[in-house]
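Pasted below: my_file-v6.cif, mmCIF, C-alpha atoms.
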data_run
#
loop_
_atom_site.label_atom_id
_atom_site.label_comp_id
_atom_site.auth_asym_id
_atom_site.auth_seq_id
_atom_site.Cartn_x
_atom_site.Cartn_y
_atom_site.Cartn_z
CA MET A 15 123.25 80.77 88.68
CA ALA A 16 119.66 80.33 89.83
CA VAL A 17 117.93 83.22 91.52
CA SER A 18 114.91 82.67 93.71
CA TYR A 19 112.35 85.26 94.72
CA GLN A 20 109.70 85.21 97.42
CA PHE A 21 107.09 86.47 94.94
CA VAL A 22 106.73 85.72 91.21
CA ARG A 23 103.72 86.55 89.02
CA ARG A 24 103.41 86.44 85.25
CA VAL A 25 101.39 89.08 83.41
CA GLY A 26 101.39 88.54 79.65
CA GLN A 27 105.04 88.52 78.57
CA LYS A 28 106.27 90.09 81.83
CA TYR A 29 107.18 88.71 85.21
CA ILE A 30 106.81 90.61 88.47
CA VAL A 31 109.33 89.41 91.05
CA SER A 32 110.12 90.55 94.58
CA ASN A 33 112.46 89.62 97.37
CA LYS A 34 109.85 91.08 99.78
CA GLU A 35 112.37 93.40 101.43
CA ARG A 36 111.66 97.07 102.08
CA ASP A 37 114.44 99.41 101.03
CA SER A 38 115.08 102.76 99.35
CA PHE A 39 114.30 103.61 95.74
CA GLU A 40 118.02 103.62 94.92
CA LYS A 41 118.54 100.20 96.55
CA ALA A 42 115.57 98.82 94.60
CA ILE A 43 117.11 100.05 91.34
CA GLU A 44 120.47 98.56 92.33
CA PHE A 45 118.87 95.20 93.23
CA CYS A 46 117.12 95.01 89.86
CA SER A 47 120.17 96.15 87.90
CA GLN A 48 122.39 93.50 89.49
CA LYS A 49 119.93 90.85 88.32
CA GLY A 50 119.51 92.28 84.80
CA LEU A 51 116.00 93.51 85.65
CA GLU A 52 114.17 96.84 85.87
CA LEU A 53 111.68 98.17 88.37
CA ALA A 54 108.15 97.28 87.36
CA LEU A 55 106.16 99.73 85.28
CA PRO A 56 102.48 98.87 84.83
CA LYS A 57 101.35 99.53 81.26
CA ASN A 58 97.65 98.80 81.91
CA HIS A 59 95.12 98.05 84.66
CA GLU A 60 95.83 94.29 84.60
CA GLU A 61 99.55 94.82 85.24
CA ASN A 62 98.84 97.45 87.89
CA ASN A 63 96.43 95.12 89.70
CA LYS A 64 98.85 92.18 89.49
CA LEU A 65 101.55 94.34 91.05
CA THR A 66 99.41 94.85 94.15
CA GLU A 67 99.52 91.09 94.78
CA VAL A 68 103.08 91.54 96.08
CA PHE A 69 101.68 93.17 99.21
CA GLY A 70 101.45 91.39 102.51
CA ASP A 71 103.51 90.79 105.60
CA GLY A 72 103.43 94.48 106.49
CA TYR A 73 104.35 95.78 103.02
CA ASN A 74 101.78 98.04 101.42
CA GLU A 75 103.75 100.01 98.81
CA VAL A 76 106.23 99.12 96.07
CA TRP A 77 108.56 101.25 93.95
CA ILE A 78 107.87 101.52 90.23
CA ASN A 79 109.95 102.69 87.27
CA VAL A 80 108.80 106.34 87.37
CA ASN A 81 110.64 109.30 88.83
CA LYS A 82 110.55 113.02 88.26
CA ASN A 83 112.44 113.81 85.10
CA GLU A 84 114.78 116.67 85.90
CA SER A 85 114.84 118.02 82.34
CA GLU A 86 111.07 117.82 81.89
CA GLY A 87 110.28 118.78 85.48
CA ASN A 88 107.41 116.29 85.76
CA PHE A 89 106.47 112.65 86.22
CA GLY A 90 105.47 112.14 82.57
CA VAL A 91 108.19 109.69 81.55
CA ASP A 92 109.68 106.46 82.86
CA MET A 93 113.30 106.13 83.94
CA ASN A 94 114.30 105.43 80.33
CA ASN A 95 112.74 108.78 79.31
CA GLN A 96 109.86 107.05 77.51
CA PRO A 97 106.43 108.71 77.79
CA LEU A 98 104.06 107.01 80.21
CA THR A 99 101.18 105.33 78.38
CA PHE A 100 99.31 104.38 81.57
CA THR A 101 99.09 106.04 84.98
CA LYS A 102 96.94 105.66 88.04
CA TRP A 103 97.81 108.71 90.09
CA GLY A 104 95.88 109.31 93.28
CA GLU A 105 94.10 112.54 94.09
CA HIS A 106 96.51 115.51 94.20
CA GLN A 107 99.24 113.36 92.67
CA PRO A 108 101.89 113.62 91.55
CA ASP A 109 102.59 115.97 94.43
CA PRO A 110 103.59 119.34 92.89
CA SER A 111 105.55 120.28 96.03
CA ILE A 112 108.17 117.62 95.28
CA GLN A 113 111.18 119.43 93.88
CA ASP A 114 114.20 117.89 92.15
CA THR A 115 113.99 114.12 91.74
CA GLY A 116 110.96 112.39 93.18
CA CYS A 117 110.13 108.69 93.17
CA THR A 118 106.86 106.80 92.63
CA MET A 119 105.20 104.03 94.62
CA VAL A 120 102.11 101.93 94.00
CA THR A 121 99.94 101.58 97.10
CA GLU A 122 98.09 98.42 98.11
CA ASN A 123 94.93 99.69 96.40
CA GLY A 124 96.79 100.23 93.11
CA ILE A 125 97.03 104.02 93.34
CA TRP A 126 100.28 105.74 92.37
CA ARG A 127 101.84 108.31 94.65
CA ALA A 128 104.94 110.44 94.32
CA THR A 129 107.34 110.64 97.22
CA ARG A 130 110.67 112.19 98.06
CA GLU A 131 111.68 108.67 99.14
#
Encoded form using structure tokens:
Amino acid sequence: MAVSYQFVRRVGQKYIVSNKERDSFEKAIEFCSQKGLELALPKNHEENNKLTEVFGDGYNEVWINVNKNESEGNFGVDMNNQPLTFTKWGEHQPDPSIQDTGCTMVTENGIWRATRE
């Protein structure tokens, strides 16, 4: 079965794909999982910058594979509980007021921000 996306970019050995639809963090995870994919997680500046190319048509933020780890109580690991090796948090981020599980978005200028969703 062929799957088509409205946005496809290759960065090294990775592909960034998008259906260019705005939805919740949970729906984004579900979409990726159904296709055998994961939410993007930039590992360096090049990947982070490439991710911002998905923006346009009124979309200026995308979900990434980082949420607040309930056991650790911080945003220091990805959703597979692997330590983050690259981050680009904005000023006053991740927001310490976010309790429980928070989610992370990349803004159109490549800055990461935590959100309650």
*Identify which of the residues A:Phe45, A:Trp103, A:Phe39, A:Tyr29 lies closest to Asn79 (chain A), counting all atoms listed in the file when measuring atom-to-atom distances.*
A:Phe39
Answer key for the PyMOL selection byres ((chain A and resi 53) around 10), residues as an mmCIF file with C-alpha atoms, in the coordinates of the input:
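As a result, selection-v7.cif now contains:
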data_model
loop_
_atom_site.group_PDB
_atom_site.id
_atom_site.type_symbol
_atom_site.label_atom_id
_atom_site.label_comp_id
_atom_site.auth_asym_id
_atom_site.auth_seq_id
_atom_site.Cartn_x
_atom_site.Cartn_y
_atom_site.Cartn_z
ATOM 1 C CA ILE A 30 106.810 90.610 88.470
ATOM 2 C CA VAL A 31 109.330 89.410 91.050
ATOM 3 C CA SER A 32 110.120 90.550 94.580
ATOM 4 C CA PHE A 39 114.300 103.610 95.740
ATOM 5 C CA ALA A 42 115.570 98.820 94.600
ATOM 6 C CA ILE A 43 117.110 100.050 91.340
ATOM 7 C CA GLU A 44 120.470 98.560 92.330
ATOM 8 C CA PHE A 45 118.870 95.200 93.230
ATOM 9 C CA CYS A 46 117.120 95.010 89.860
ATOM 10 C CA SER A 47 120.170 96.150 87.900
ATOM 11 C CA LEU A 51 116.000 93.510 85.650
ATOM 12 C CA GLU A 52 114.170 96.840 85.870
ATOM 13 C CA ALA A 54 108.150 97.280 87.360
ATOM 14 C CA LEU A 55 106.160 99.730 85.280
ATOM 15 C CA PRO A 56 102.480 98.870 84.830
ATOM 16 C CA VAL A 76 106.230 99.120 96.070
ATOM 17 C CA TRP A 77 108.560 101.250 93.950
ATOM 18 C CA ILE A 78 107.870 101.520 90.230
ATOM 19 C CA ASN A 79 109.950 102.690 87.270
ATOM 20 C CA VAL A 80 108.800 106.340 87.370
ATOM 21 C CA MET A 93 113.300 106.130 83.940
#
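The two atoms in question, CA of Lys57 (chain A) and CA of Thr99 (chain A), are spaced 6.5 Å apart.
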*What is the CA of Ile112 (chain A) to CA of Leu65 (chain A) distance in Å?*
24.6 Å
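Distance check against Glu40 (chain A) using only C-alpha atoms: of A:Ser111, A:Asn95, A:Asn81, A:Asn58, the minimum falls on A:Asn81.
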Report as an mmCIF file with C-alpha atoms, in the coordinates of the input the full result of the PyMOL selection byres ((chain A and resi 68) around 10) when it is applied to this structure.
data_model
loop_
_atom_site.group_PDB
_atom_site.id
_atom_site.type_symbol
_atom_site.label_atom_id
_atom_site.label_comp_id
_atom_site.auth_asym_id
_atom_site.auth_seq_id
_atom_site.Cartn_x
_atom_site.Cartn_y
_atom_site.Cartn_z
ATOM 1 C CA GLN A 20 109.700 85.210 97.420
ATOM 2 C CA PHE A 21 107.090 86.470 94.940
ATOM 3 C CA VAL A 22 106.730 85.720 91.210
ATOM 4 C CA ARG A 23 103.720 86.550 89.020
ATOM 5 C CA ILE A 30 106.810 90.610 88.470
ATOM 6 C CA VAL A 31 109.330 89.410 91.050
ATOM 7 C CA SER A 32 110.120 90.550 94.580
ATOM 8 C CA ASN A 33 112.460 89.620 97.370
ATOM 9 C CA LYS A 34 109.850 91.080 99.780
ATOM 10 C CA ASN A 63 96.430 95.120 89.700
ATOM 11 C CA LYS A 64 98.850 92.180 89.490
ATOM 12 C CA LEU A 65 101.550 94.340 91.050
ATOM 13 C CA THR A 66 99.410 94.850 94.150
ATOM 14 C CA GLU A 67 99.520 91.090 94.780
ATOM 15 C CA PHE A 69 101.680 93.170 99.210
ATOM 16 C CA GLY A 70 101.450 91.390 102.510
ATOM 17 C CA ASP A 71 103.510 90.790 105.600
ATOM 18 C CA TYR A 73 104.350 95.780 103.020
ATOM 19 C CA ASN A 74 101.780 98.040 101.420
ATOM 20 C CA GLU A 75 103.750 100.010 98.810
ATOM 21 C CA VAL A 76 106.230 99.120 96.070
ATOM 22 C CA GLU A 122 98.090 98.420 98.110
#
*Would you work out the distance separating CA of Thr129 (chain A) from CA of Gln107 (chain A), expressed in Å to one decimal?*
9.7 Å
*asked:* Calculated over only C-alpha atoms, which of the candidates A:Lys102, A:Glu61, A:Tyr19, A:Cys117 has the smallest distance to Asn88 (chain A)?
replied: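 Among the listed residues, A:Cys117 lies closest to Asn88 (chain A).
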_Here's the selection I'm unsure about, the PyMOL selection byres ((chain A and resi 126) around 6); applied to the file above, which residues does it give, as a count of residues only?_
7
Extract region 84-114 of chain A from the coordinates I pasted, and write it as a PDB file, in the first residue's frame (atoms kept: N, CA and C atoms).
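Produced file result.pdb, reproduced below:
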ATOM      1  N   GLU A  84       7.013  11.289  33.315  1.00  0.00           N
ATOM      2  CA  GLU A  84       6.384  11.305  34.636  1.00  0.00           C
ATOM      3  C   GLU A  84       7.312  10.807  35.734  1.00  0.00           C
ATOM      4  N   SER A  85       8.129   9.785  35.452  1.00  0.00           N
ATOM      5  CA  SER A  85       9.007   9.259  36.495  1.00  0.00           C
ATOM      6  C   SER A  85      10.174  10.194  36.774  1.00  0.00           C
ATOM      7  N   GLU A  86      10.688  10.852  35.730  1.00  0.00           N
ATOM      8  CA  GLU A  86      11.807  11.774  35.907  1.00  0.00           C
ATOM      9  C   GLU A  86      11.330  13.164  36.302  1.00  0.00           C
ATOM     10  N   GLY A  87      10.101  13.510  35.898  1.00  0.00           N
ATOM     11  CA  GLY A  87       9.556  14.819  36.229  1.00  0.00           C
ATOM     12  C   GLY A  87      10.145  15.951  35.410  1.00  0.00           C
ATOM     13  N   ASN A  88      10.711  15.630  34.232  1.00  0.00           N
ATOM     14  CA  ASN A  88      11.288  16.688  33.399  1.00  0.00           C
ATOM     15  C   ASN A  88      11.178  16.329  31.921  1.00  0.00           C
ATOM     16  N   PHE A  89      11.687  17.205  31.080  1.00  0.00           N
ATOM     17  CA  PHE A  89      11.671  16.997  29.639  1.00  0.00           C
ATOM     18  C   PHE A  89      13.045  16.543  29.145  1.00  0.00           C
ATOM     19  N   GLY A  90      13.749  15.737  29.900  1.00  0.00           N
ATOM     20  CA  GLY A  90      15.114  15.353  29.557  1.00  0.00           C
ATOM     21  C   GLY A  90      15.268  14.102  28.727  1.00  0.00           C
ATOM     22  N   VAL A  91      14.145  13.427  28.422  1.00  0.00           N
ATOM     23  CA  VAL A  91      14.208  12.201  27.628  1.00  0.00           C
ATOM     24  C   VAL A  91      13.157  12.245  26.525  1.00  0.00           C
ATOM     25  N   ASP A  92      13.367  11.402  25.494  1.00  0.00           N
ATOM     26  CA  ASP A  92      12.352  11.309  24.443  1.00  0.00           C
ATOM     27  C   ASP A  92      11.254  10.343  24.892  1.00  0.00           C
ATOM     28  N   MET A  93      10.315  10.058  24.022  1.00  0.00           N
ATOM     29  CA  MET A  93       9.187   9.209  24.393  1.00  0.00           C
ATOM     30  C   MET A  93       9.565   7.741  24.526  1.00  0.00           C
ATOM     31  N   ASN A  94      10.789   7.389  24.146  1.00  0.00           N
ATOM     32  CA  ASN A  94      11.315   6.040  24.357  1.00  0.00           C
ATOM     33  C   ASN A  94      12.225   5.998  25.580  1.00  0.00           C
ATOM     34  N   ASN A  95      12.168   7.052  26.394  1.00  0.00           N
ATOM     35  CA  ASN A  95      12.984   7.192  27.607  1.00  0.00           C
ATOM     36  C   ASN A  95      14.478   7.229  27.340  1.00  0.00           C
ATOM     37  N   GLN A  96      14.870   7.705  26.162  1.00  0.00           N
ATOM     38  CA  GLN A  96      16.280   7.893  25.827  1.00  0.00           C
ATOM     39  C   GLN A  96      16.663   9.346  26.106  1.00  0.00           C
ATOM     40  N   PRO A  97      17.823   9.588  26.713  1.00  0.00           N
ATOM     41  CA  PRO A  97      18.235  10.965  27.008  1.00  0.00           C
ATOM     42  C   PRO A  97      18.316  11.804  25.730  1.00  0.00           C
ATOM     43  N   LEU A  98      17.895  13.048  25.822  1.00  0.00           N
ATOM     44  CA  LEU A  98      17.994  13.962  24.688  1.00  0.00           C
ATOM     45  C   LEU A  98      19.450  14.351  24.493  1.00  0.00           C
ATOM     46  N   THR A  99      19.931  14.270  23.270  1.00  0.00           N
ATOM     47  CA  THR A  99      21.309  14.651  22.962  1.00  0.00           C
ATOM     48  C   THR A  99      21.376  16.025  22.315  1.00  0.00           C
ATOM     49  N   PHE A 100      20.227  16.565  21.939  1.00  0.00           N
ATOM     50  CA  PHE A 100      20.131  17.897  21.339  1.00  0.00           C
ATOM     51  C   PHE A 100      18.817  18.510  21.787  1.00  0.00           C
ATOM     52  N   THR A 101      18.855  19.785  22.151  1.00  0.00           N
ATOM     53  CA  THR A 101      17.627  20.527  22.447  1.00  0.00           C
ATOM     54  C   THR A 101      17.788  21.945  21.929  1.00  0.00           C
ATOM     55  N   LYS A 102      16.682  22.605  21.748  1.00  0.00           N
ATOM     56  CA  LYS A 102      16.709  24.014  21.364  1.00  0.00           C
ATOM     57  C   LYS A 102      15.541  24.724  22.045  1.00  0.00           C
ATOM     58  N   TRP A 103      15.544  24.615  23.374  1.00  0.00           N
ATOM     59  CA  TRP A 103      14.481  25.225  24.165  1.00  0.00           C
ATOM     60  C   TRP A 103      14.540  26.741  24.071  1.00  0.00           C
ATOM     61  N   GLY A 104      13.378  27.352  24.023  1.00  0.00           N
ATOM     62  CA  GLY A 104      13.283  28.802  24.048  1.00  0.00           C
ATOM     63  C   GLY A 104      13.515  29.318  25.459  1.00  0.00           C
ATOM     64  N   GLU A 105      13.547  30.625  25.588  1.00  0.00           N
ATOM     65  CA  GLU A 105      13.721  31.257  26.891  1.00  0.00           C
ATOM     66  C   GLU A 105      12.584  30.843  27.818  1.00  0.00           C
ATOM     67  N   HIS A 106      12.922  30.514  29.055  1.00  0.00           N
ATOM     68  CA  HIS A 106      11.972  30.075  30.080  1.00  0.00           C
ATOM     69  C   HIS A 106      11.289  28.753  29.707  1.00  0.00           C
ATOM     70  N   GLN A 107      11.966  27.947  28.918  1.00  0.00           N
ATOM     71  CA  GLN A 107      11.433  26.645  28.516  1.00  0.00           C
ATOM     72  C   GLN A 107      12.412  25.556  28.942  1.00  0.00           C
ATOM     73  N   PRO A 108      11.966  24.361  29.210  1.00  0.00           N
ATOM     74  CA  PRO A 108      10.561  24.001  29.255  1.00  0.00           C
ATOM     75  C   PRO A 108       9.871  24.660  30.440  1.00  0.00           C
ATOM     76  N   ASP A 109       8.627  24.993  30.246  1.00  0.00           N
ATOM     77  CA  ASP A 109       7.832  25.731  31.228  1.00  0.00           C
ATOM     78  C   ASP A 109       7.700  24.917  32.516  1.00  0.00           C
ATOM     79  N   PRO A 110       8.281  25.403  33.632  1.00  0.00           N
ATOM     80  CA  PRO A 110       8.237  24.639  34.881  1.00  0.00           C
ATOM     81  C   PRO A 110       6.836  24.542  35.483  1.00  0.00           C
ATOM     82  N   SER A 111       5.907  25.373  35.026  1.00  0.00           N
ATOM     83  CA  SER A 111       4.552  25.323  35.581  1.00  0.00           C
ATOM     84  C   SER A 111       3.740  24.160  35.019  1.00  0.00           C
ATOM     85  N   ILE A 112       4.243  23.516  33.976  1.00  0.00           N
ATOM     86  CA  ILE A 112       3.508  22.386  33.398  1.00  0.00           C
ATOM     87  C   ILE A 112       3.676  21.182  34.309  1.00  0.00           C
ATOM     88  N   GLN A 113       2.575  20.743  34.851  1.00  0.00           N
ATOM     89  CA  GLN A 113       2.563  19.582  35.741  1.00  0.00           C
ATOM     90  C   GLN A 113       2.146  18.354  34.941  1.00  0.00           C
ATOM     91  N   ASP A 114       2.342  17.179  35.499  1.00  0.00           N
ATOM     92  CA  ASP A 114       1.974  15.928  34.843  1.00  0.00           C
ATOM     93  C   ASP A 114       2.664  15.820  33.488  1.00  0.00           C
TER      94      ASP A 114
END
